[in-house]
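Remarks on the structure that follows.
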Amino acid sequence: MVYFLRLFLLLSLLCAWPSADAQDADVEDGELDRQIAAIEKELMEEISVWDHSTNLRLGGGYKENVTLSAFAEESSPFVSTGLDFMAIRVPLAEDGVEVTIFGSLDDRRYVDFESVDREQTGLFNVNLEKPLAEQWLLSADIQGIYIDEIFDASLTEDDIGTVQVVGKQISLVPALRRDLPGNTWIEAKPEVTRQYFAEPLDDYLEIGGRVSAGVDYGFKSKLLLYAETLRRDYDTRSQRDEIGFYVPDTDLSYDRPEHGVEWVHYWDSDRRLRMRTRWSMLENEDSGSGYFDYRRERVSHGWRYRGESWSLAATVRKATYEYALQRSADFFDLRARADLSWDITLGYEYNDHLTFQLGYEQESINSNVPQDEYRYRIFTAGIDWEF
């Protein structure tokens, strides 16, 4: 659309441009070409190809069970700040590169808690998209993540539970999409991720990819199926035998095949009411005895409504974990775990730049291993200022 607008403006000016013969007989064809190029360049500079926005978030709240402990719950009020930045470059030519840059920083400071004084997260993502032909689209995501927060490591570690972890992640995810008849499509996504953790967790390299197929319909709704596999190689972790003892001079890696479905449905042309449902099944398979093998089934269902001034969003999630060799606390059963969480957010847009928000979040972990179990709740209130 931008391309045709530019072409229309250029042709309009050329139609109004006096002919070289009538106005200045000394102007040669080469000079006219240079003047046309200058006009085109000026038009491109006047039509801004970049659009950006910045949001500052300020708020506070109360968190129950800050450390996600199974036996010694401690709670604290907190104050929070956040900053979001987004910039989008729309290409002036239909075959140009579209660039989307997104960054987010969040800082939570606990007022009355000694063992954990803060939690911080950061995200920086660059997305590139370029049409290759009429039905082909090439894209890539380059992403960096920083975390300094309480983290539940018990799923893939048997001797580490919840712990405050500092970590950094860098990932590259290119994608190639092919549009097919009937608004259907297929997409292939290779992926490379490098994760760095401070002790006690170990760094790892993850390589794999995803293949998905879907259909777009309605008011930009979509239904897709996917299958992926990832190989995670740890830097220093060792394998375990069937009982759980370390196996010396071994390297540990996980194969993580997963398949799932995602359905996003908009109920009206203004896209005010949205429903999103996701389901997936993952198999974690270690490279040794299978001590870390487990199956995870996860489902989530959420709704979002955006009115003229009010918005409401709510999501419920459930995940179950079944381990192949690890035992329960009484050693008679296999280890099993069920996670249930939900959140709700209410927003009021006071004007184009200022939004007030209230939020609630809860997660409960049930397991036949007592040290796995915990529950936390978070109450939040804040403002979002776009400038």
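Naming works like this for the structure tokens: A, B, ... for the chains as they're shown, residue 1 at the start of each chain, ligands 1 onward in shown order.
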Can you list, as a list in words, every protein, DNA or RNA residue that comes within 12 Å of Gly307 in chain A when you count only C-alpha atoms, leaving out same-chain residues fewer than 3 positions away?
-> Asp270, Arg271, Arg272, Leu273, Arg274, Arg304, Trp310, Ser311, Leu312, Ala313, Leu346, Gly347, Tyr348 and Glu349 of chain A
Let's have the selection written as a PDB file, in the first residue's frame, with C-alpha atoms.
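As a result, selection.pdb now contains:
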ATOM      1  CA  ASP A 270     -13.299  -5.116  15.191  1.00  0.00           C
ATOM      2  CA  ARG A 271     -11.399  -7.951  16.927  1.00  0.00           C
ATOM      3  CA  ARG A 272     -12.618  -6.836  20.328  1.00  0.00           C
ATOM      4  CA  LEU A 273     -13.355 -10.355  21.603  1.00  0.00           C
ATOM      5  CA  ARG A 274     -10.656 -13.014  21.278  1.00  0.00           C
ATOM      6  CA  ARG A 304      -9.728 -11.152  26.034  1.00  0.00           C
ATOM      7  CA  TRP A 310     -12.426  -1.050  29.397  1.00  0.00           C
ATOM      8  CA  SER A 311     -10.522  -4.276  28.777  1.00  0.00           C
ATOM      9  CA  LEU A 312     -10.621  -7.665  30.477  1.00  0.00           C
ATOM     10  CA  ALA A 313      -8.349 -10.683  29.985  1.00  0.00           C
ATOM     11  CA  LEU A 346      -8.755  -5.509  34.257  1.00  0.00           C
ATOM     12  CA  GLY A 347      -7.784  -2.326  32.431  1.00  0.00           C
ATOM     13  CA  TYR A 348      -9.297   1.130  32.044  1.00  0.00           C
ATOM     14  CA  GLU A 349      -8.009   3.438  29.305  1.00  0.00           C
TER      15      GLU A 349
END
Long-range neighbours of range 148-155 of chain A as a PyMOL selection string, 7 Å cut-off, only C-alpha atoms, 4 positions minimum in chain = chain A and resi 67+119-121+160-167
Surrounding residues of Val211 in chain A excluding itself and chain neighbours under 4 positions, 9 Å, only C-alpha atoms, as a list of chain:residue names =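 Everything that qualifies: A:Ile186, A:Glu187, A:Ala188, A:Lys189, A:Pro190, A:Leu225, A:Tyr226, A:Ala227, A:Glu228.
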Could you tell me, as a PyMOL selection string, which residues of range 95-339 of chain A DSSP assigns to strand (DSSP E or B) when given the backbone?
-> chain A and resi 98-110+118-131+136-152+162-180+184-197+204-217+221-234+240+246+253-255+258-266+273-286+294-306+310-327+334-339
Pick out the residues sitting within 12 Å of Asp372 in chain A, and hand them over as a ChimeraX atom specification; count only C-alpha atoms, and ignore anything fewer than 6 positions along from it in its own chain.
-> /A:68-71,152-155,157-162,321,328-329,335-339,364-366
Restricting the output to N, CA and C atoms, write the selected residues as a tab-separated table (two decimals), in the first residue's frame.
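Written out: selection-v5.tsv:
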chain	number	residue	atom	x	y	z
A	68	LEU	N	8.44	-19.41	46.59
A	68	LEU	CA	7.81	-20.64	46.08
A	68	LEU	C	8.16	-21.85	46.94
A	69	SER	N	8.12	-21.64	48.24
A	69	SER	CA	8.55	-22.68	49.17
A	69	SER	C	7.41	-23.66	49.46
A	70	ALA	N	7.80	-24.93	49.68
A	70	ALA	CA	6.81	-25.94	50.04
A	70	ALA	C	6.56	-25.98	51.54
A	71	PHE	N	7.46	-25.43	52.35
A	71	PHE	CA	7.34	-25.60	53.80
A	71	PHE	C	7.41	-24.30	54.58
A	152	ASP	N	11.72	-22.25	39.42
A	152	ASP	CA	11.46	-23.64	39.81
A	152	ASP	C	12.24	-24.56	38.88
A	153	ALA	N	13.35	-25.10	39.38
A	153	ALA	CA	14.22	-25.96	38.57
A	153	ALA	C	13.97	-27.45	38.81
A	154	SER	N	12.95	-27.79	39.59
A	154	SER	CA	12.75	-29.18	39.99
A	154	SER	C	12.28	-30.08	38.86
A	155	LEU	N	11.80	-29.50	37.76
A	155	LEU	CA	11.30	-30.34	36.67
A	155	LEU	C	12.42	-31.09	35.97
A	157	GLU	N	15.76	-30.99	37.23
A	157	GLU	CA	16.82	-31.25	38.21
A	157	GLU	C	16.17	-31.99	39.39
A	158	ASP	N	16.86	-33.00	39.92
A	158	ASP	CA	16.25	-33.73	41.04
A	158	ASP	C	16.83	-33.33	42.39
A	159	ASP	N	17.90	-32.53	42.38
A	159	ASP	CA	18.49	-32.11	43.65
A	159	ASP	C	18.44	-30.60	43.84
A	160	ILE	N	17.72	-29.89	42.96
A	160	ILE	CA	17.55	-28.45	43.07
A	160	ILE	C	16.06	-28.15	42.94
A	161	GLY	N	15.52	-27.43	43.90
A	161	GLY	CA	14.11	-27.07	43.84
A	161	GLY	C	13.92	-25.68	43.29
A	162	THR	N	13.29	-24.81	44.07
A	162	THR	CA	13.14	-23.42	43.68
A	162	THR	C	14.32	-22.62	44.22
A	321	TYR	N	2.74	-33.77	34.74
A	321	TYR	CA	4.06	-34.36	34.51
A	321	TYR	C	4.05	-35.78	35.05
A	328	SER	N	8.05	-41.53	43.85
A	328	SER	CA	7.36	-40.64	44.78
A	328	SER	C	8.04	-40.67	46.14
A	329	ALA	N	7.49	-39.94	47.10
A	329	ALA	CA	8.09	-39.87	48.44
A	329	ALA	C	8.07	-41.23	49.13
A	335	ARG	N	6.94	-40.73	40.32
A	335	ARG	CA	6.75	-39.32	40.59
A	335	ARG	C	5.75	-38.71	39.60
A	336	ALA	N	4.82	-37.90	40.09
A	336	ALA	CA	3.81	-37.24	39.26
A	336	ALA	C	3.55	-35.86	39.83
A	337	ARG	N	3.17	-34.95	38.96
A	337	ARG	CA	2.97	-33.56	39.36
A	337	ARG	C	1.89	-32.94	38.48
A	338	ALA	N	1.10	-32.03	39.06
A	338	ALA	CA	0.06	-31.30	38.33
A	338	ALA	C	0.14	-29.83	38.70
A	339	ASP	N	0.27	-28.97	37.70
A	339	ASP	CA	0.35	-27.51	37.89
A	339	ASP	C	-0.94	-26.87	37.39
A	364	SER	N	-0.84	-23.18	41.67
A	364	SER	CA	-0.80	-24.23	42.69
A	364	SER	C	-0.14	-25.46	42.08
A	365	ILE	N	0.82	-26.02	42.81
A	365	ILE	CA	1.55	-27.22	42.39
A	365	ILE	C	1.18	-28.36	43.33
A	366	ASN	N	0.65	-29.44	42.77
A	366	ASN	CA	0.32	-30.64	43.54
A	366	ASN	C	1.19	-31.80	43.05
Counting only C-alpha atoms, the option among A:Ala314, A:Leu128, A:Ala87, A:Val66 closest to Arg377 in chain A =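 So, comparing all the options, the nearest one is A:Val66.
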Which residues come within 8 Å of Asp233 in chain A, counting only C-alpha atoms, excluding same-chain residues fewer than 2 positions away, as a list in words?
->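 Here the answer would be Tyr204, Leu205, Glu206, Arg231, Asp235, Leu252, Ser253 and Tyr254 of chain A.
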Would you work out the distance separating CA of Gly290 in chain A from CA of Pro200 in chain A, expressed in Å to one decimal?
->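 Distance between the two atoms: 22.2 Å.
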Among listed residues A:Leu325, A:Ile170, A:Val79, A:Ala140, nearest Phe124 in chain A (using only C-alpha atoms) =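 Among the listed residues, A:Ile170 lies closest to Phe124 in chain A.
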A:Ser280, A:Ser80, A:Ser104, A:Asn125 ranked by distance to Phe379 in chain A, top pick (using only C-alpha atoms) =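 Result for the nearest residue to Phe379 in chain A: A:Ser80.
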Name the residues in contact with Ser287 in chain A at a cut-off of 12 Å, using only C-alpha atoms, excluding same-chain residues fewer than 2 positions from it; report them as a list in words.
->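 Close residues of Ser287 in chain A: Arg231, Arg232, Asp233, Tyr234, Arg237, Ser238, Gln239, Arg240, Asp241, Val247, Thr250, Asp251, Leu252, Ser253, Tyr254, Asp255, Arg256, Asn284, Glu285, Ser289, Gly290, Tyr291, Phe292 and Asp293 of chain A.
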Nearest to Thr54 in chain A among A:Glu361, A:Asp106, A:Glu283, A:Asp384, with distances taken over only C-alpha atoms: which residue is it?
-> A:Asp384
Which is closest to Ser300 in chain A among A:Tyr323, A:Phe102, A:Phe332, A:Trp342, if we use only C-alpha atoms?
-> A:Trp342
Tell me, as a short mmCIF file (atom, residue, chain, number, x, y, z; two decimals) with C-alpha atoms, in the first residue's frame, which residues lie within 9 Å of Asn183 in chain A, counting only C-alpha atoms; anything in the same chain fewer than 5 positions away does not count.
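Result file follows (out-v7.cif):
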data_model
loop_
_atom_site.label_atom_id
_atom_site.label_comp_id
_atom_site.auth_asym_id
_atom_site.auth_seq_id
_atom_site.Cartn_x
_atom_site.Cartn_y
_atom_site.Cartn_z
CA GLY A 214 -2.42 -23.90 9.61
CA VAL A 215 -5.36 -22.05 8.15
CA ASP A 216 -6.27 -18.37 8.44
CA TYR A 217 -9.94 -17.47 8.45
#
Hey, can you check how far CA of Leu180 in chain A sits from CA of Thr229 in chain A?
->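 Here the two named atoms are 24.5 Å from each other.
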One decimal, Å: what's the distance from CA of Glu191 in chain A over to CA of Gly209 in chain A, could you say?
->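 So the answer is 5.2 Å.
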